[in-house]
>>> print(open('entry.csv').read())   # CSV, N, CA, C and O atoms
chain,number,residue,atom,x,y,z
N,1,MET,N,92.1,127.8,99.3
N,1,MET,CA,93.1,127.7,98.3
N,1,MET,C,93.1,126.3,97.6
N,1,MET,O,93.2,126.2,96.4
N,2,PRO,N,93.0,125.2,98.5
N,2,PRO,CA,93.0,123.9,97.8
N,2,PRO,C,91.8,123.7,96.9
N,2,PRO,O,91.8,123.0,95.9
N,3,GLY,N,90.7,124.3,97.3
N,3,GLY,CA,89.5,124.1,96.5
N,3,GLY,C,89.6,124.8,95.2
N,3,GLY,O,89.1,124.3,94.2
N,4,LEU,N,90.3,125.9,95.1
N,4,LEU,CA,90.5,126.6,93.8
N,4,LEU,C,91.4,125.7,92.9
N,4,LEU,O,91.1,125.5,91.7
N,5,TRP,N,92.5,125.1,93.4
N,5,TRP,CA,93.3,124.3,92.6
N,5,TRP,C,92.6,123.0,92.2
N,5,TRP,O,92.7,122.6,91.0
N,6,LEU,N,91.8,122.4,93.1
N,6,LEU,CA,91.1,121.2,92.7
N,6,LEU,C,90.0,121.5,91.7
N,6,LEU,O,89.8,120.7,90.8
N,7,THR,N,89.4,122.7,91.8
N,7,THR,CA,88.4,123.0,90.9
N,7,THR,C,89.0,123.2,89.5
N,7,THR,O,88.4,122.7,88.5
N,8,SER,N,90.1,123.9,89.4
N,8,SER,CA,90.7,124.1,88.1
N,8,SER,C,91.2,122.8,87.5
N,8,SER,O,91.1,122.5,86.3
N,9,LEU,N,91.7,121.9,88.4
N,9,LEU,CA,92.2,120.6,87.9
N,9,LEU,C,91.0,119.7,87.4
N,9,LEU,O,91.1,119.1,86.3
N,10,LEU,N,89.9,119.8,88.0
N,10,LEU,CA,88.7,119.0,87.6
N,10,LEU,C,88.1,119.7,86.3
N,10,LEU,O,87.5,119.0,85.5
N,11,SER,N,88.1,121.0,86.2
N,11,SER,CA,87.4,121.7,85.2
N,11,SER,C,88.2,121.6,83.8
N,11,SER,O,87.6,121.7,82.8
N,12,TRP,N,89.5,121.6,83.9
N,12,TRP,CA,90.3,121.7,82.7
N,12,TRP,C,89.9,120.7,81.6
N,12,TRP,O,89.6,121.1,80.5
N,13,PRO,N,89.9,119.4,81.8
N,13,PRO,CA,89.6,118.5,80.7
N,13,PRO,C,88.1,118.5,80.3
N,13,PRO,O,87.8,118.3,79.2
N,14,TYR,N,87.3,118.9,81.3
N,14,TYR,CA,85.8,118.9,81.0
N,14,TYR,C,85.5,120.1,80.1
N,14,TYR,O,84.7,120.0,79.2
N,15,LEU,N,86.1,121.3,80.4
N,15,LEU,CA,85.7,122.5,79.7
N,15,LEU,C,86.5,122.7,78.4
N,15,LEU,O,86.1,123.4,77.6
N,16,SER,N,87.7,122.1,78.4
N,16,SER,CA,88.4,122.3,77.1
N,16,SER,C,87.9,121.3,76.1
N,16,SER,O,87.3,120.3,76.4
N,17,ASP,N,88.1,121.6,74.8
N,17,ASP,CA,87.6,120.8,73.8
N,17,ASP,C,88.7,119.8,73.3
N,17,ASP,O,88.6,119.2,72.2
N,18,ARG,N,89.7,119.5,74.1
N,18,ARG,CA,90.7,118.6,73.8
N,18,ARG,C,90.3,117.1,73.9
N,18,ARG,O,90.8,116.2,73.3
N,19,MET,N,89.3,116.9,74.7
N,19,MET,CA,88.8,115.5,74.8
N,19,MET,C,87.5,115.4,74.0
N,19,MET,O,86.4,115.7,74.5
N,20,ALA,N,87.6,114.9,72.8
N,20,ALA,CA,86.5,114.9,71.9
N,20,ALA,C,85.5,113.8,72.3
N,20,ALA,O,84.3,113.9,72.1
N,21,SER,N,85.9,112.8,73.0
N,21,SER,CA,85.0,111.7,73.4
N,21,SER,C,84.4,111.9,74.8
N,21,SER,O,83.7,111.0,75.2
N,22,PHE,N,84.7,113.0,75.4
N,22,PHE,CA,84.1,113.2,76.8
N,22,PHE,C,82.6,113.5,76.6
N,22,PHE,O,82.2,114.4,76.0
N,23,PRO,N,81.8,112.7,77.3
N,23,PRO,CA,80.4,112.9,77.2
N,23,PRO,C,79.9,114.1,78.0
N,23,PRO,O,80.2,114.3,79.1
N,24,ARG,N,79.1,114.9,77.3
N,24,ARG,CA,78.5,116.1,78.0
N,24,ARG,C,77.0,116.0,77.8
N,24,ARG,O,76.5,116.2,76.8
N,25,SER,N,76.4,115.7,78.9
N,25,SER,CA,74.9,115.7,79.0
N,25,SER,C,74.5,116.6,80.1
N,25,SER,O,75.3,117.0,80.9
N,26,THR,N,73.2,116.7,80.3
N,26,THR,CA,72.6,117.5,81.4
N,26,THR,C,73.0,116.8,82.7
N,26,THR,O,73.4,117.5,83.7
N,27,MET,N,73.0,115.5,82.8
N,27,MET,CA,73.3,114.9,84.1
N,27,MET,C,74.7,115.1,84.4
N,27,MET,O,75.1,115.2,85.6
N,28,HIS,N,75.6,115.0,83.4
N,28,HIS,CA,77.0,115.3,83.7
N,28,HIS,C,77.2,116.7,84.3
N,28,HIS,O,78.0,116.9,85.2
N,29,ASP,N,76.5,117.7,83.7
N,29,ASP,CA,76.6,119.0,84.2
N,29,ASP,C,76.1,119.2,85.6
N,29,ASP,O,76.7,119.9,86.4
N,30,VAL,N,75.1,118.5,86.0
N,30,VAL,CA,74.5,118.5,87.3
N,30,VAL,C,75.5,117.9,88.3
N,30,VAL,O,75.8,118.5,89.4
N,31,VAL,N,76.0,116.7,88.0
N,31,VAL,CA,77.0,116.0,88.9
N,31,VAL,C,78.3,116.9,89.0
N,31,VAL,O,78.8,117.0,90.1
N,32,PHE,N,78.8,117.4,87.9
N,32,PHE,CA,80.0,118.2,87.9
N,32,PHE,C,79.8,119.4,88.8
N,32,PHE,O,80.6,119.8,89.6
N,33,GLY,N,78.7,120.1,88.6
N,33,GLY,CA,78.4,121.3,89.4
N,33,GLY,C,78.2,121.0,90.9
N,33,GLY,O,78.6,121.7,91.8
N,34,SER,N,77.6,119.8,91.2
N,34,SER,CA,77.5,119.4,92.6
N,34,SER,C,78.9,119.1,93.3
N,34,SER,O,79.1,119.5,94.4
N,35,ILE,N,79.8,118.5,92.5
N,35,ILE,CA,81.1,118.2,93.0
N,35,ILE,C,81.9,119.5,93.3
N,35,ILE,O,82.5,119.7,94.3
N,36,ILE,N,81.8,120.4,92.3
N,36,ILE,CA,82.4,121.7,92.5
N,36,ILE,C,81.9,122.5,93.7
N,36,ILE,O,82.6,123.1,94.5
N,37,ALA,N,80.6,122.5,93.8
N,37,ALA,CA,80.0,123.2,95.0
N,37,ALA,C,80.4,122.5,96.3
N,37,ALA,O,80.7,123.2,97.3
N,38,LEU,N,80.5,121.2,96.4
N,38,LEU,CA,80.9,120.5,97.6
N,38,LEU,C,82.4,120.9,97.9
N,38,LEU,O,82.7,121.1,99.1
N,39,ILE,N,83.2,120.9,96.9
N,39,ILE,CA,84.6,121.3,97.1
N,39,ILE,C,84.7,122.7,97.6
N,39,ILE,O,85.5,123.0,98.6
N,40,TRP,N,84.0,123.7,97.1
N,40,TRP,CA,84.1,125.1,97.5
N,40,TRP,C,83.5,125.2,98.9
N,40,TRP,O,84.1,126.0,99.7
N,41,VAL,N,82.4,124.6,99.2
N,41,VAL,CA,81.8,124.7,100.5
N,41,VAL,C,82.8,124.2,101.6
N,41,VAL,O,83.0,124.8,102.6
N,42,THR,N,83.4,123.0,101.3
N,42,THR,CA,84.3,122.4,102.2
N,42,THR,C,85.5,123.3,102.4
N,42,THR,O,86.0,123.5,103.5
N,43,ALA,N,86.0,123.9,101.3
N,43,ALA,CA,87.2,124.7,101.4
N,43,ALA,C,87.0,126.0,102.2
N,43,ALA,O,87.8,126.4,103.0
N,44,PHE,N,85.8,126.6,102.0
N,44,PHE,CA,85.6,127.9,102.7
N,44,PHE,C,85.1,127.7,104.1
N,44,PHE,O,85.3,128.6,105.0
N,45,PHE,N,84.5,126.6,104.5
N,45,PHE,CA,84.0,126.3,105.8
N,45,PHE,C,84.7,125.2,106.5
N,45,PHE,O,84.1,124.5,107.3
N,46,TRP,N,86.0,125.1,106.2
N,46,TRP,CA,86.8,124.0,106.8
N,46,TRP,C,86.9,124.1,108.3
N,46,TRP,O,86.7,123.1,109.1
N,47,ASN,N,87.2,125.2,108.9
N,47,ASN,CA,87.4,125.4,110.3
N,47,ASN,C,86.1,125.3,111.1
N,47,ASN,O,86.0,124.6,112.1
N,48,PRO,N,85.0,125.9,110.6
N,48,PRO,CA,83.7,125.7,111.3
N,48,PRO,C,83.2,124.3,111.2
N,48,PRO,O,82.6,123.8,112.1
N,49,LEU,N,83.5,123.6,110.1
N,49,LEU,CA,83.2,122.2,109.9
N,49,LEU,C,83.8,121.4,110.9
N,49,LEU,O,83.3,120.4,111.5
N,50,GLY,N,85.1,121.7,111.2
N,50,GLY,CA,85.9,120.9,112.2
N,50,GLY,C,85.3,121.1,113.6
N,50,GLY,O,85.4,120.2,114.5
N,51,ARG,N,84.8,122.3,113.9
N,51,ARG,CA,84.2,122.6,115.2
N,51,ARG,C,82.9,121.9,115.4
N,51,ARG,O,82.6,121.4,116.5
N,52,THR,N,82.1,121.9,114.4
N,52,THR,CA,80.7,121.4,114.5
N,52,THR,C,80.6,119.9,114.2
N,52,THR,O,79.9,119.2,114.9
N,53,LEU,N,81.3,119.4,113.2
N,53,LEU,CA,81.2,118.0,112.8
N,53,LEU,C,82.7,117.5,112.6
N,53,LEU,O,83.1,117.3,111.5
N,54,PRO,N,83.4,117.2,113.7
N,54,PRO,CA,84.7,116.7,113.6
N,54,PRO,C,84.9,115.4,112.9
N,54,PRO,O,85.8,115.1,112.3
N,55,LEU,N,83.8,114.5,113.1
N,55,LEU,CA,83.9,113.2,112.4
N,55,LEU,C,83.8,113.4,110.9
N,55,LEU,O,84.6,112.7,110.2
N,56,LEU,N,83.0,114.3,110.4
N,56,LEU,CA,82.9,114.5,109.0
N,56,LEU,C,84.3,115.0,108.4
N,56,LEU,O,84.7,114.6,107.4
N,57,GLN,N,84.9,115.9,109.2
N,57,GLN,CA,86.2,116.5,108.8
N,57,GLN,C,87.2,115.3,108.7
N,57,GLN,O,88.1,115.3,107.8
N,58,THR,N,87.2,114.5,109.7
N,58,THR,CA,88.1,113.3,109.8
N,58,THR,C,87.9,112.4,108.6
N,58,THR,O,88.8,111.9,108.0
N,59,LEU,N,86.6,112.2,108.2
N,59,LEU,CA,86.3,111.3,107.1
N,59,LEU,C,86.8,111.9,105.8
N,59,LEU,O,87.2,111.2,104.9
N,60,ILE,N,86.6,113.2,105.6
N,60,ILE,CA,87.1,113.9,104.4
N,60,ILE,C,88.6,113.8,104.3
N,60,ILE,O,89.2,113.5,103.3
N,61,ARG,N,89.3,114.0,105.4
N,61,ARG,CA,90.8,113.8,105.4
N,61,ARG,C,91.2,112.4,105.1
N,61,ARG,O,92.1,112.1,104.4
N,62,LEU,N,90.4,111.4,105.6
N,62,LEU,CA,90.7,110.0,105.3
N,62,LEU,C,90.5,109.7,103.8
N,62,LEU,O,91.3,109.0,103.2
N,63,ALA,N,89.4,110.2,103.3
N,63,ALA,CA,89.2,110.0,101.8
N,63,ALA,C,90.3,110.7,101.0
N,63,ALA,O,90.7,110.1,100.0
N,64,ILE,N,90.8,111.8,101.4
N,64,ILE,CA,91.9,112.5,100.6
N,64,ILE,C,93.1,111.7,100.7
N,64,ILE,O,93.8,111.4,99.8
N,65,ALA,N,93.4,111.2,102.0
N,65,ALA,CA,94.6,110.4,102.2
N,65,ALA,C,94.6,109.1,101.4
N,65,ALA,O,95.6,108.7,100.8
N,66,LEU,N,93.4,108.4,101.4
N,66,LEU,CA,93.3,107.2,100.6
N,66,LEU,C,93.4,107.4,99.1
N,66,LEU,O,94.0,106.6,98.4
N,67,THR,N,92.9,108.6,98.6
N,67,THR,CA,93.0,108.9,97.2
N,67,THR,C,94.5,109.1,96.8
N,67,THR,O,95.0,108.6,95.8
N,68,VAL,N,95.2,109.8,97.7
N,68,VAL,CA,96.6,110.1,97.4
N,68,VAL,C,97.4,108.7,97.5
N,68,VAL,O,98.3,108.5,96.6
N,69,TRP,N,97.1,107.9,98.5
N,69,TRP,CA,97.8,106.6,98.6
N,69,TRP,C,97.5,105.7,97.4
N,69,TRP,O,98.4,105.0,96.9
N,70,SER,N,96.3,105.7,97.0
N,70,SER,CA,95.9,104.9,95.8
N,70,SER,C,96.6,105.4,94.5
N,70,SER,O,97.1,104.6,93.7
N,71,ALA,N,96.7,106.7,94.4
N,71,ALA,CA,97.4,107.3,93.2
N,71,ALA,C,98.9,106.9,93.2
N,71,ALA,O,99.5,106.5,92.2
N,72,VAL,N,99.5,106.9,94.4
N,72,VAL,CA,100.9,106.5,94.5
N,72,VAL,C,101.1,105.0,94.2
N,72,VAL,O,102.0,104.6,93.5
N,73,ALA,N,100.2,104.2,94.7
N,73,ALA,CA,100.3,102.8,94.5
N,73,ALA,C,100.0,102.5,93.0
N,73,ALA,O,100.7,101.6,92.5
N,74,ALA,N,99.1,103.1,92.4
N,74,ALA,CA,98.9,102.9,91.0
N,74,ALA,C,100.1,103.3,90.1
N,74,ALA,O,100.5,102.6,89.2
N,75,LEU,N,100.7,104.4,90.5
N,75,LEU,CA,101.9,104.9,89.8
N,75,LEU,C,103.0,103.9,90.0
N,75,LEU,O,103.7,103.5,89.0
N,76,TYR,N,103.2,103.4,91.2
N,76,TYR,CA,104.3,102.4,91.5
N,76,TYR,C,104.0,101.1,90.7
N,76,TYR,O,104.9,100.5,90.1
N,77,GLY,N,102.8,100.7,90.7
N,77,GLY,CA,102.4,99.5,90.0
N,77,GLY,C,102.6,99.6,88.5
N,77,GLY,O,103.1,98.7,87.8
N,78,THR,N,102.3,100.7,87.9
N,78,THR,CA,102.6,101.0,86.5
N,78,THR,C,104.1,101.0,86.2
N,78,THR,O,104.5,100.4,85.2
N,79,ILE,N,104.9,101.6,87.1
N,79,ILE,CA,106.3,101.6,86.8
N,79,ILE,C,106.9,100.2,86.9
N,79,ILE,O,107.7,99.8,86.1
N,80,VAL,N,106.5,99.4,87.9
N,80,VAL,CA,107.0,98.1,88.0
N,80,VAL,C,106.5,97.2,86.9
N,80,VAL,O,107.3,96.5,86.3
N,81,TYR,N,105.3,97.4,86.4
N,81,TYR,CA,104.8,96.6,85.2
N,81,TYR,C,105.6,97.0,84.0
N,81,TYR,O,106.0,96.1,83.2
N,82,LEU,N,105.9,98.3,83.8
N,82,LEU,CA,106.7,98.7,82.6
N,82,LEU,C,108.1,98.2,82.7
N,82,LEU,O,108.7,97.9,81.7
N,83,LEU,N,108.7,98.2,83.9
N,83,LEU,CA,110.0,97.7,84.1
N,83,LEU,C,110.1,96.2,83.8
N,83,LEU,O,111.1,95.7,83.2
N,84,ILE,N,109.1,95.4,84.2
N,84,ILE,CA,109.1,94.0,84.0
N,84,ILE,C,108.9,93.6,82.6
N,84,ILE,O,109.5,92.7,82.0
N,85,THR,N,108.0,94.3,81.9
N,85,THR,CA,107.6,93.9,80.6
N,85,THR,C,108.5,94.4,79.5
N,85,THR,O,108.4,94.0,78.3
N,86,THR,N,109.3,95.4,79.8
N,86,THR,CA,110.1,95.9,78.7
N,86,THR,C,111.5,95.4,78.8
N,86,THR,O,112.0,94.9,79.7
>>> encode(input="entry.csv", output="structure tokens")
Amino acid sequence: MPGLWLTSLLSWPYLSDRMASFPRSTMHDVVFGSIIALIWVTAFFWNPLGRTLPLLQTLIRLAIALTVWSAVAALYGTIVYLLITT
């Protein structure tokens, strides 16, 4: 289920024509397809991945946690900046 939501979140700005300046080349399509495939493989094989490669599963969890932490820190920094400058 998380793979489906992440896929739709990643696909929406790329596939919609709302971002006129978004570059679309063959290399972008290959990289985008690879990222989508990695998300889906990880989502569907999460439990077997944890049994066979627990270190990789831990690293994926760490990357997700750092991404969430960075997003919260960036949002907090933006709010503080706007509060100070206005």
>>> atom_distance(input="entry.csv", atom1="atom C of Val31 in chain N", atom2="atom C of Trp5 in chain N")
15.9 Å
>>> atom_distance(input="entry.csv", atom1="atom N of Thr58 in chain N", atom2="atom O of Trp46 in chain N")
8.6 Å
>>> atom_distance(input="entry.csv", atom1="atom N of Ala74 in chain N", atom2="atom O of Leu62 in chain N")
14.6 Å
>>> closest_residue(input="entry.csv", among="N:Ser34, N:Thr7, N:Thr42, N:Ser70", to="Leu56 in chain N", atoms="only C-alpha atoms")
N:Thr42
>>> axis_aligned_box(input="entry.csv", around="range 60-66 of chain N", padding_each_side="4 Å", output="JSON")
{"center_x": 91.1, "center_y": 110.3, "center_z": 102.0, "size_x": 17.0, "size_y": 15.4, "size_z": 15.2}
